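K.L.:
Structure: my_file17.pdb, PDB, C-alpha atoms.
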ATOM      1  CA  MET A  20      -3.635  31.339  99.088
ATOM      2  CA  LEU A  21      -0.318  30.119  97.719
ATOM      3  CA  GLY A  22       1.489  33.175  99.070
ATOM      4  CA  THR A  23      -0.040  32.701 102.519
ATOM      5  CA  GLY A  24       0.781  28.986 102.511
ATOM      6  CA  ILE A  25       4.468  29.614 101.816
ATOM      7  CA  GLY A  26       5.125  32.916 103.562
ATOM      8  CA  LEU A  27       3.230  32.614 106.844
ATOM      9  CA  PRO A  28       4.719  29.264 108.030
ATOM     10  CA  GLY A  29       8.220  30.532 107.218
ATOM     11  CA  PHE A  30       7.678  33.701 109.235
ATOM     12  CA  LEU A  31       6.118  31.938 112.269
ATOM     13  CA  TYR A  32       8.318  28.869 112.524
ATOM     14  CA  LEU A  33      11.664  29.997 111.067
ATOM     15  CA  HIS A  34      11.437  33.488 112.613
ATOM     16  CA  SER A  35      12.997  35.051 109.511
ATOM     17  CA  PRO A  36      11.800  38.522 108.352
ATOM     18  CA  ALA A  37      13.006  37.595 104.855
ATOM     19  CA  TRP A  38       9.948  35.383 104.500
ATOM     20  CA  VAL A  39       7.724  38.454 104.728
ATOM     21  CA  VAL A  40       9.523  39.958 101.712
ATOM     22  CA  LEU A  41       9.240  36.688  99.806
ATOM     23  CA  TRP A  42       5.565  36.500 100.739
ATOM     24  CA  GLY A  43       4.876  39.992  99.419
ATOM     25  CA  ALA A  44       6.824  39.381  96.195
ATOM     26  CA  LEU A  45       4.979  36.122  95.564
ATOM     27  CA  LEU A  46       1.608  37.779  96.111
ATOM     28  CA  ALA A  47       2.513  40.570  93.669
ATOM     29  CA  ALA A  48       3.732  38.101  91.036
ATOM     30  CA  LEU A  49       0.614  35.970  91.282
ATOM     31  CA  TRP A  50      -1.624  39.037  91.034
ATOM     32  CA  ARG A  51       0.221  40.112  87.894
ATOM     33  CA  LEU A  52      -0.161  36.680  86.311
ATOM     34  CA  ALA A  53      -3.883  36.613  87.053
ATOM     35  CA  HIS A  54      -4.326  40.162  85.744
ATOM     36  CA  ASP A  55      -2.727  39.328  82.376
ATOM     37  CA  ALA A  56      -4.240  35.849  81.984
ATOM     38  CA  GLU A  57      -6.559  35.090  79.078
ATOM     39  CA  THR A  58      -9.546  32.767  79.289
ATOM     40  CA  VAL A  59      -9.437  29.542  77.319
ATOM     41  CA  PHE A  60     -13.091  29.956  76.267
ATOM     42  CA  GLU A  61     -14.465  33.448  76.154
ATOM     43  CA  GLU A  62     -17.898  33.369  77.736
ATOM     44  CA  ALA A  63     -20.911  35.451  76.850
ATOM     45  CA  ASN A  64     -20.301  39.178  76.836
ATOM     46  CA  PRO A  65     -22.326  41.159  79.359
ATOM     47  CA  VAL A  66     -25.290  42.839  77.722
ATOM     48  CA  THR A  67     -24.673  46.540  78.254
ATOM     49  CA  THR A  68     -27.853  47.777  76.568
ATOM     50  CA  ARG A  69     -31.115  46.151  77.523
ATOM     51  CA  PRO A  70     -33.567  45.978  74.615
ATOM     52  CA  GLN A  71     -36.991  47.480  75.167
ATOM     53  CA  ARG A  72     -40.009  45.173  75.070
ATOM     54  CA  VAL A  73     -42.902  46.666  73.075
ATOM     55  CA  ARG A  74     -46.291  45.649  71.738
ATOM     56  CA  ASP A  75     -46.495  45.975  67.956
ATOM     57  CA  GLY A  76     -49.621  44.767  66.170
ATOM     58  CA  PRO A  77     -50.211  41.090  67.047
ATOM     59  CA  PHE A  78     -46.630  40.667  68.294
ATOM     60  CA  VAL A  79     -44.582  41.318  71.377
ATOM     61  CA  MET A  80     -41.306  42.643  69.973
ATOM     62  CA  MET A  81     -37.903  43.743  71.194
ATOM     63  CA  ASP A  82     -36.358  47.035  70.119
ATOM     64  CA  LEU A  83     -32.744  46.022  69.549
ATOM     65  CA  PRO A  84     -30.007  48.659  69.508
ATOM     66  CA  GLY A  85     -27.709  48.643  66.496
ATOM     67  CA  GLY A  86     -24.174  47.383  66.945
ATOM     68  CA  SER A  87     -21.238  45.415  65.576
ATOM     69  CA  PHE A  88     -20.543  41.721  66.070
ATOM     70  CA  LEU A  89     -18.462  38.888  64.659
ATOM     71  CA  MET A  90     -20.681  36.904  62.307
ATOM     72  CA  GLY A  91     -19.944  33.266  61.615
ATOM     73  CA  SER A  92     -17.643  30.786  63.337
ATOM     74  CA  PRO A  93     -13.904  31.215  64.015
ATOM     75  CA  ASP A  94     -11.369  29.019  62.241
ATOM     76  CA  THR A  95     -10.455  27.541  65.628
ATOM     77  CA  ASP A  96     -13.921  25.980  65.972
ATOM     78  CA  ASP A  97     -13.418  22.498  64.560
ATOM     79  CA  MET A  98     -17.122  21.701  65.045
ATOM     80  CA  ALA A  99     -18.255  24.464  62.685
ATOM     81  CA  TYR A 100     -19.236  23.868  59.064
ATOM     82  CA  ASP A 101     -17.288  25.489  56.238
ATOM     83  CA  ASN A 102     -20.208  27.704  55.179
ATOM     84  CA  GLU A 103     -20.040  29.413  58.614
ATOM     85  CA  LYS A 104     -16.550  30.750  57.804
ATOM     86  CA  PRO A 105     -14.681  33.048  57.586
ATOM     87  CA  GLN A 106     -15.797  34.928  60.656
ATOM     88  CA  HIS A 107     -16.117  38.613  59.804
ATOM     89  CA  GLN A 108     -17.266  41.849  61.389
ATOM     90  CA  VAL A 109     -20.791  43.025  60.652
ATOM     91  CA  THR A 110     -22.529  46.204  61.756
ATOM     92  CA  VAL A 111     -26.318  46.330  61.833
ATOM     93  CA  SER A 112     -28.656  49.247  62.448
ATOM     94  CA  GLY A 113     -31.253  49.092  65.182
ATOM     95  CA  PHE A 114     -34.434  47.151  64.441
ATOM     96  CA  ARG A 115     -37.443  45.567  66.130
ATOM     97  CA  ILE A 116     -37.864  41.776  66.190
ATOM     98  CA  ALA A 117     -40.709  39.529  67.390
ATOM     99  CA  VAL A 118     -39.893  37.565  70.530
ATOM    100  CA  THR A 119     -41.425  34.400  69.011
ATOM    101  CA  LEU A 120     -41.943  32.787  65.663
ATOM    102  CA  VAL A 121     -45.191  33.698  63.914
ATOM    103  CA  THR A 122     -47.715  31.310  65.405
ATOM    104  CA  ALA A 123     -50.177  29.258  63.427
ATOM    105  CA  GLY A 124     -53.003  31.176  65.098
ATOM    106  CA  VAL A 125     -51.712  34.595  63.992
ATOM    107  CA  TYR A 126     -50.897  33.301  60.523
ATOM    108  CA  GLN A 127     -54.385  31.877  60.016
ATOM    109  CA  GLU A 128     -55.999  35.089  61.274
ATOM    110  CA  VAL A 129     -53.985  37.444  59.056
ATOM    111  CA  MET A 130     -54.317  35.243  55.977
ATOM    112  CA  GLN A 131     -58.041  34.900  56.694
ATOM    113  CA  LYS A 132     -58.093  31.149  57.028
ATOM    114  CA  GLU A 133     -60.054  29.004  59.449
ATOM    115  CA  ALA A 134     -59.386  29.421  63.167
ATOM    116  CA  LEU A 135     -57.453  26.759  65.084
ATOM    117  CA  ALA A 136     -57.844  25.118  68.479
ATOM    118  CA  GLU A 137     -55.902  26.795  71.306
ATOM    119  CA  PHE A 138     -53.015  24.295  71.355
ATOM    120  CA  GLU A 139     -52.602  24.335  67.566
ATOM    121  CA  ALA A 140     -52.743  28.153  67.543
ATOM    122  CA  ARG A 141     -49.647  28.285  69.793
ATOM    123  CA  LEU A 142     -47.561  26.147  67.437
ATOM    124  CA  PRO A 143     -45.259  27.928  64.985
ATOM    125  CA  ALA A 144     -46.710  28.442  61.530
ATOM    126  CA  VAL A 145     -45.105  25.757  59.362
ATOM    127  CA  ASN A 146     -45.671  24.492  55.824
ATOM    128  CA  VAL A 147     -44.945  28.117  54.946
ATOM    129  CA  ARG A 148     -43.098  28.807  51.712
ATOM    130  CA  TRP A 149     -40.760  31.788  51.524
ATOM    131  CA  ASP A 150     -43.274  33.526  49.235
ATOM    132  CA  ASP A 151     -46.036  32.828  51.763
ATOM    133  CA  ALA A 152     -44.005  34.573  54.476
ATOM    134  CA  ILE A 153     -43.522  37.585  52.186
ATOM    135  CA  ALA A 154     -47.271  37.739  51.462
ATOM    136  CA  PHE A 155     -48.024  37.529  55.190
ATOM    137  CA  CYS A 156     -45.694  40.441  55.979
ATOM    138  CA  ASN A 157     -47.311  42.657  53.335
ATOM    139  CA  LYS A 158     -50.844  41.783  54.374
ATOM    140  CA  LEU A 159     -50.149  42.402  58.060
ATOM    141  CA  SER A 160     -48.399  45.711  57.248
ATOM    142  CA  GLU A 161     -51.470  46.927  55.370
ATOM    143  CA  ARG A 162     -53.784  45.813  58.170
ATOM    144  CA  GLU A 163     -51.753  47.727  60.777
ATOM    145  CA  GLY A 164     -51.475  50.867  58.632
ATOM    146  CA  TYR A 165     -47.779  50.505  57.788
ATOM    147  CA  ARG A 166     -46.082  50.829  54.434
ATOM    148  CA  PRO A 167     -45.443  47.331  52.990
ATOM    149  CA  CYS A 168     -41.799  46.469  52.411
ATOM    150  CA  TYR A 169     -42.200  44.091  49.462
ATOM    151  CA  ARG A 170     -43.271  44.451  45.838
ATOM    152  CA  ARG A 171     -42.806  42.541  42.611
ATOM    153  CA  LYS A 172     -40.282  43.778  40.063
ATOM    154  CA  PHE A 173     -39.617  41.834  36.854
ATOM    155  CA  GLY A 174     -41.095  38.730  38.421
ATOM    156  CA  ARG A 175     -38.995  38.871  41.611
ATOM    157  CA  TRP A 176     -39.695  40.211  45.064
ATOM    158  CA  VAL A 177     -37.729  43.324  46.028
ATOM    159  CA  CYS A 178     -37.602  45.015  49.426
ATOM    160  CA  ASP A 179     -37.999  48.712  50.203
ATOM    161  CA  TRP A 180     -35.647  49.022  53.174
ATOM    162  CA  ARG A 181     -37.022  52.476  54.035
ATOM    163  CA  ALA A 182     -40.576  51.167  54.534
ATOM    164  CA  ASP A 183     -41.857  50.766  58.078
ATOM    165  CA  GLY A 184     -43.841  47.561  57.497
ATOM    166  CA  TYR A 185     -43.127  44.037  58.673
ATOM    167  CA  ARG A 186     -40.512  41.974  56.864
ATOM    168  CA  LEU A 187     -38.252  38.966  57.211
ATOM    169  CA  PRO A 188     -34.922  39.516  58.976
ATOM    170  CA  THR A 189     -31.748  39.582  56.964
ATOM    171  CA  GLU A 190     -29.350  36.796  57.815
ATOM    172  CA  ALA A 191     -27.100  39.285  59.647
ATOM    173  CA  GLU A 192     -30.011  40.669  61.677
ATOM    174  CA  TRP A 193     -31.065  37.146  62.608
ATOM    175  CA  GLU A 194     -27.625  36.132  63.901
ATOM    176  CA  TYR A 195     -27.175  39.452  65.723
ATOM    177  CA  ALA A 196     -30.490  38.873  67.517
ATOM    178  CA  CYS A 197     -29.697  35.223  68.223
ATOM    179  CA  ARG A 198     -26.300  35.956  69.749
ATOM    180  CA  ALA A 199     -27.746  38.690  72.000
ATOM    181  CA  GLY A 200     -24.334  40.168  72.672
ATOM    182  CA  THR A 201     -22.515  36.847  73.109
ATOM    183  CA  VAL A 202     -19.508  35.455  71.246
ATOM    184  CA  THR A 203     -19.985  31.809  72.220
ATOM    185  CA  ARG A 204     -21.170  28.870  70.097
ATOM    186  CA  TYR A 205     -24.684  29.219  71.471
ATOM    187  CA  SER A 206     -26.330  32.212  73.111
ATOM    188  CA  PHE A 207     -25.959  30.382  76.458
ATOM    189  CA  GLY A 208     -22.324  29.257  76.157
ATOM    190  CA  HIS A 209     -19.933  27.015  74.217
ATOM    191  CA  GLU A 210     -21.108  23.580  75.287
ATOM    192  CA  HIS A 211     -24.475  22.039  74.479
ATOM    193  CA  ALA A 212     -25.009  20.497  77.921
ATOM    194  CA  LYS A 213     -27.637  23.173  78.687
ATOM    195  CA  ILE A 214     -29.348  23.067  75.308
ATOM    196  CA  ASP A 215     -32.362  21.140  76.574
ATOM    197  CA  ALA A 216     -33.406  24.236  78.561
ATOM    198  CA  TYR A 217     -33.328  26.488  75.477
ATOM    199  CA  ALA A 218     -34.221  24.423  72.439
ATOM    200  CA  TRP A 219     -36.453  21.762  70.910
ATOM    201  CA  PHE A 220     -34.153  19.428  68.968
ATOM    202  CA  ALA A 221     -33.750  15.787  67.965
ATOM    203  CA  ALA A 222     -33.283  14.475  71.510
ATOM    204  CA  ASN A 223     -36.413  16.020  73.047
ATOM    205  CA  ALA A 224     -38.958  16.527  70.242
ATOM    206  CA  SER A 225     -40.283  14.771  67.152
ATOM    207  CA  GLU A 226     -42.510  17.585  65.853
ATOM    208  CA  PRO A 227     -42.896  21.374  66.221
ATOM    209  CA  GLN A 228     -43.657  22.548  69.745
ATOM    210  CA  PRO A 229     -45.602  25.555  71.119
ATOM    211  CA  VAL A 230     -43.574  28.767  70.922
ATOM    212  CA  ALA A 231     -41.957  30.248  74.034
ATOM    213  CA  SER A 232     -42.028  26.937  75.927
ATOM    214  CA  LYS A 233     -38.250  26.961  76.472
ATOM    215  CA  GLN A 234     -36.024  29.635  78.024
ATOM    216  CA  PRO A 235     -35.260  32.770  75.952
ATOM    217  CA  ASN A 236     -31.832  34.148  75.129
ATOM    218  CA  LEU A 237     -30.373  37.158  76.956
ATOM    219  CA  TRP A 238     -32.471  39.545  74.866
ATOM    220  CA  GLY A 239     -35.737  37.776  75.643
ATOM    221  CA  LEU A 240     -36.109  36.030  72.255
ATOM    222  CA  TYR A 241     -37.529  32.496  72.220
ATOM    223  CA  ASP A 242     -36.747  29.519  69.985
ATOM    224  CA  MET A 243     -33.698  31.079  68.348
ATOM    225  CA  HIS A 244     -32.165  27.619  68.722
ATOM    226  CA  GLY A 245     -34.309  24.761  67.435
ATOM    227  CA  ASN A 246     -38.059  24.136  67.085
ATOM    228  CA  VAL A 247     -38.333  25.065  63.360
ATOM    229  CA  TRP A 248     -35.992  26.570  60.798
ATOM    230  CA  GLU A 249     -36.609  30.276  60.157
ATOM    231  CA  TRP A 250     -36.695  31.955  56.763
ATOM    232  CA  CYS A 251     -34.396  34.927  56.189
ATOM    233  CA  TRP A 252     -34.569  37.441  53.345
ATOM    234  CA  ASN A 253     -31.199  36.615  51.810
ATOM    235  CA  TRP A 254     -30.260  34.640  48.797
ATOM    236  CA  TYR A 255     -27.399  32.391  49.864
ATOM    237  CA  GLU A 256     -23.795  33.362  49.197
ATOM    238  CA  PRO A 257     -20.467  32.370  50.821
ATOM    239  CA  TYR A 258     -19.061  34.789  53.372
ATOM    240  CA  ALA A 259     -16.370  37.313  52.484
ATOM    241  CA  VAL A 260     -13.586  38.453  54.805
ATOM    242  CA  GLN A 261     -14.341  42.177  54.623
ATOM    243  CA  ALA A 262     -16.288  44.024  57.316
ATOM    244  CA  VAL A 263     -19.767  45.019  56.123
ATOM    245  CA  THR A 264     -22.640  47.216  57.282
ATOM    246  CA  ASP A 265     -26.297  46.179  56.992
ATOM    247  CA  PRO A 266     -25.700  43.416  54.408
ATOM    248  CA  TYR A 267     -28.812  42.403  52.460
ATOM    249  CA  GLY A 268     -27.235  39.580  50.499
ATOM    250  CA  PRO A 269     -26.948  39.352  46.702
ATOM    251  CA  LYS A 270     -29.652  41.025  44.622
ATOM    252  CA  ASN A 271     -29.980  37.951  42.425
ATOM    253  CA  PRO A 272     -29.066  34.306  42.998
ATOM    254  CA  ARG A 273     -26.416  32.505  41.044
ATOM    255  CA  ARG A 274     -27.885  30.707  38.069
ATOM    256  CA  GLY A 275     -29.086  27.276  39.146
ATOM    257  CA  ARG A 276     -28.572  28.115  42.825
ATOM    258  CA  GLU A 277     -31.758  29.828  43.851
ATOM    259  CA  TRP A 278     -31.305  29.153  47.538
ATOM    260  CA  ARG A 279     -32.743  31.162  50.403
ATOM    261  CA  VAL A 280     -31.086  31.064  53.815
ATOM    262  CA  VAL A 281     -32.792  29.462  56.809
ATOM    263  CA  ARG A 282     -31.483  29.766  60.343
ATOM    264  CA  GLY A 283     -31.829  28.343  63.833
ATOM    265  CA  GLY A 284     -32.113  24.592  63.282
ATOM    266  CA  SER A 285     -35.196  22.548  64.113
ATOM    267  CA  PHE A 286     -36.634  19.744  66.219
ATOM    268  CA  GLY A 287     -35.228  17.147  63.824
ATOM    269  CA  PHE A 288     -31.573  18.156  64.094
ATOM    270  CA  ALA A 289     -28.655  17.567  66.472
ATOM    271  CA  PRO A 290     -27.161  20.410  68.582
ATOM    272  CA  GLY A 291     -24.399  21.078  66.037
ATOM    273  CA  SER A 292     -26.991  22.461  63.608
ATOM    274  CA  LEU A 293     -28.530  24.743  66.225
ATOM    275  CA  CYS A 294     -25.598  27.021  67.082
ATOM    276  CA  SER A 295     -25.807  30.775  66.560
ATOM    277  CA  ALA A 296     -23.688  30.716  63.387
ATOM    278  CA  ALA A 297     -25.282  27.623  61.794
ATOM    279  CA  ARG A 298     -26.817  28.326  58.393
ATOM    280  CA  SER A 299     -28.684  26.148  55.958
ATOM    281  CA  ILE A 300     -30.130  26.722  52.508
ATOM    282  CA  VAL A 301     -33.406  25.791  50.849
ATOM    283  CA  ARG A 302     -34.299  26.080  47.209
ATOM    284  CA  SER A 303     -36.743  28.936  46.701
ATOM    285  CA  GLU A 304     -39.322  26.925  44.799
ATOM    286  CA  PRO A 305     -43.121  26.825  45.233
ATOM    287  CA  GLY A 306     -43.084  23.278  46.566
ATOM    288  CA  VAL A 307     -40.570  23.846  49.354
ATOM    289  CA  ARG A 308     -42.363  23.875  52.695
ATOM    290  CA  TYR A 309     -42.022  23.026  56.368
ATOM    291  CA  ARG A 310     -40.277  26.177  57.522
ATOM    292  CA  GLY A 311     -41.326  28.945  59.916
ATOM    293  CA  PHE A 312     -40.437  32.612  60.260
ATOM    294  CA  ARG A 313     -40.500  35.609  62.564
ATOM    295  CA  CYS A 314     -41.057  39.247  61.685
ATOM    296  CA  VAL A 315     -38.887  42.316  62.101
ATOM    297  CA  ARG A 316     -39.765  45.951  61.626
ATOM    298  CA  VAL A 317     -37.951  49.273  61.558
ATOM    299  CA  PRO A 318     -40.200  51.996  63.003
ATOM    300  CA  PRO A 319     -39.917  55.493  61.484
ATOM    301  CA  GLN A 320     -36.832  57.207  62.841
ATOM    302  CA  ARG A 321     -37.016  60.607  64.523
ATOM    303  CA  ILE A 322     -35.135  63.265  62.551
ATOM    304  CA  GLU A 323     -33.556  65.940  64.703
TER     305      GLU A 323
END
Transcribe the structure of this file into structure tokens.
P.N.:
Amino acid sequence: MLGTGIGLPGFLYLHSPAWVVLWGALLAALWRLAHDAETVFEEANPVTTRPQRVRDGPFVMMDLPGGSFLMGSPDTDDMAYDNEKPQHQVTVSGFRIAVTLVTAGVYQEVMQKEALAEFEARLPAVNVRWDDAIAFCNKLSEREGYRPCYRRKFGRWVCDWRADGYRLPTEAEWEYACRAGTVTRYSFGHEHAKIDAYAWFAANASEPQPVASKQPNLWGLYDMHGNVWEWCWNWYEPYAVQAVTDPYGPKNPRRGREWRVVRGGSFGFAPGSLCSAARSIVRSEPGVRYRGFRCVRVPPQRIE
């Protein structure tokens, strides 16, 4: 447009062929500038591999391909908390994740408790301790004929990562699923102007809301931002700079810091606590409640 605006009037009204040369040179220069330009904010990456939607036991789940991503927040993000840094490269293997939080209805059914009314059954299961979520995963695995992932060893829960039963996501798996191939602050972009369409948070809710009542992320997963905090497997530890593959977190917590990681934010928090990299910690004690969770599973892999 700029080249046309300068070159065409000069050629028509000044009758000088030199304007045609200037016009062409200006067009070429502008094309080169545009070709080499960098965006100020890098928007969501296109999703090149579409996850497969499958039915697995009581859940609808997504088969996510493995891949690498930048976990955490960059140093340039002045809105990020310190425990989200440093940003580092993580590679995760493929896994299957439920499209919603475990609902109160499914939780009551599996744990053999009294049935709920339809509306209550669609709410996320809350008042769930971390140990309760572990017990649920094992019980559901046995019911569906899968090998349970968890067992007690010296008074602590340990995970058999080769088992094909249901389990909690690792913190890395959770963020990988939440980002859905994006590199922005949220799975829908950098700014929180659109957050009302994707999340239940302090401005639009005062209690947990039915699952899947907001828009999903690009991989079809609901409530990854807001509604209720979600338990992860990991003990909490600060991030390291090194690239890692399938991190499970520390085997044991630091003495006096028995904190499990929760992700996703909740209805009682502002948008800053709901971003893809936001992480919080909760003491892993019997009395700690008011958290939800979603299940992941790794089906048996075909061996060629």
K.L.:
Which residue is closest to A:Glu226? Choose from A:Gln71, A:Ser112, A:Ser285, A:Thr264 and count only C-alpha atoms.
P.N.:
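The answer is A:Ser285, which sits nearest to A:Glu226.
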K.L.:
Determine the residue set returned by the PyMOL selection byres ((chain A and resi 88-91) around 10) for the present structure, and present it as JSON, numbers by chain.
P.N.:
{"A": [85, 86, 87, 92, 93, 94, 99, 100, 101, 102, 103, 104, 105, 106, 107, 108, 109, 110, 111, 190, 191, 194, 195, 198, 199, 200, 201, 202, 204, 258, 262, 295, 296, 297, 298]}
K.L.:
What is the atom CA of A:Arg162 to atom CA of A:Gly76 distance in Å?
P.N.:
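Those two atoms sit 9.1 Å apart.
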K.L.:
Can you turn the PyMOL selection byres ((chain A and resi 231) around 7) into a concrete residue list for this file, as a list of chain:residue names?
P.N.:
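In the shown coordinates, the PyMOL selection byres ((chain A and resi 231) around 7) covers A:Thr119, A:Pro229, A:Val230, A:Ser232, A:Lys233, A:Tyr241, A:Asp242.
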K.L.:
Please return as a ChimeraX atom specification every residue within 7 Å of (-51.3, 29.2, 65.3), taking into account only C-alpha atoms and the file's own coordinates.
P.N.:
/A:122-127,135,139-144
K.L.:
Where does the PyMOL selection byres ((chain A and resi 279) around 6) land in this file, that is, which residues does it pick, as a list in words?
P.N.:
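Here the PyMOL selection byres ((chain A and resi 279) around 6) matches Asn253, Trp254, Tyr255, Trp278, Val280, Ile300, Val301 and Ser303 of chain A.
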K.L.:
What gap, in Å, lies between atom CA of A:Val247 and atom CA of A:Gly311?
P.N.:
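One can read the atom CA of A:Val247 to atom CA of A:Gly311 distance as 6.0 Å.
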K.L.:
Can you take the partial stretch 97-110 of chain A, add N, CA and C atoms, and return it as a PDB file, in the frame of the given file?
P.N.:
ATOM      1  N   ASP A  97     -13.467  23.663  65.447  1.00  0.00           N
ATOM      2  CA  ASP A  97     -13.418  22.498  64.560  1.00  0.00           C
ATOM      3  C   ASP A  97     -14.768  21.802  64.421  1.00  0.00           C
ATOM      4  N   MET A  98     -15.784  22.265  65.175  1.00  0.00           N
ATOM      5  CA  MET A  98     -17.122  21.701  65.045  1.00  0.00           C
ATOM      6  C   MET A  98     -17.980  22.481  64.045  1.00  0.00           C
ATOM      7  N   ALA A  99     -17.478  23.612  63.586  1.00  0.00           N
ATOM      8  CA  ALA A  99     -18.255  24.464  62.685  1.00  0.00           C
ATOM      9  C   ALA A  99     -18.178  23.941  61.256  1.00  0.00           C
ATOM     10  N   TYR A 100     -19.214  24.228  60.477  1.00  0.00           N
ATOM     11  CA  TYR A 100     -19.236  23.868  59.064  1.00  0.00           C
ATOM     12  C   TYR A 100     -18.519  24.945  58.246  1.00  0.00           C
ATOM     13  N   ASP A 101     -18.054  24.563  57.068  1.00  0.00           N
ATOM     14  CA  ASP A 101     -17.288  25.489  56.238  1.00  0.00           C
ATOM     15  C   ASP A 101     -18.099  26.714  55.830  1.00  0.00           C
ATOM     16  N   ASN A 102     -19.425  26.548  55.633  1.00  0.00           N
ATOM     17  CA  ASN A 102     -20.208  27.704  55.179  1.00  0.00           C
ATOM     18  C   ASN A 102     -20.450  28.730  56.289  1.00  0.00           C
ATOM     19  N   GLU A 103     -19.969  28.445  57.517  1.00  0.00           N
ATOM     20  CA  GLU A 103     -20.040  29.413  58.614  1.00  0.00           C
ATOM     21  C   GLU A 103     -18.783  30.279  58.686  1.00  0.00           C
ATOM     22  N   LYS A 104     -17.835  30.052  57.782  1.00  0.00           N
ATOM     23  CA  LYS A 104     -16.550  30.750  57.804  1.00  0.00           C
ATOM     24  C   LYS A 104     -16.323  31.475  56.482  1.00  0.00           C
ATOM     25  N   PRO A 105     -15.453  32.496  56.475  1.00  0.00           N
ATOM     26  CA  PRO A 105     -14.681  33.048  57.586  1.00  0.00           C
ATOM     27  C   PRO A 105     -15.531  33.944  58.482  1.00  0.00           C
ATOM     28  N   GLN A 106     -15.140  33.995  59.744  1.00  0.00           N
ATOM     29  CA  GLN A 106     -15.797  34.928  60.656  1.00  0.00           C
ATOM     30  C   GLN A 106     -15.414  36.351  60.252  1.00  0.00           C
ATOM     31  N   HIS A 107     -16.365  37.253  60.269  1.00  0.00           N
ATOM     32  CA  HIS A 107     -16.117  38.613  59.804  1.00  0.00           C
ATOM     33  C   HIS A 107     -16.979  39.588  60.584  1.00  0.00           C
ATOM     34  N   GLN A 108     -16.551  40.841  60.610  1.00  0.00           N
ATOM     35  CA  GLN A 108     -17.266  41.849  61.389  1.00  0.00           C
ATOM     36  C   GLN A 108     -18.434  42.409  60.590  1.00  0.00           C
ATOM     37  N   VAL A 109     -19.575  42.488  61.264  1.00  0.00           N
ATOM     38  CA  VAL A 109     -20.791  43.025  60.652  1.00  0.00           C
ATOM     39  C   VAL A 109     -21.381  44.078  61.585  1.00  0.00           C
ATOM     40  N   THR A 110     -21.831  45.161  61.006  1.00  0.00           N
ATOM     41  CA  THR A 110     -22.529  46.204  61.756  1.00  0.00           C
ATOM     42  C   THR A 110     -23.969  46.266  61.268  1.00  0.00           C
TER      43      THR A 110
END
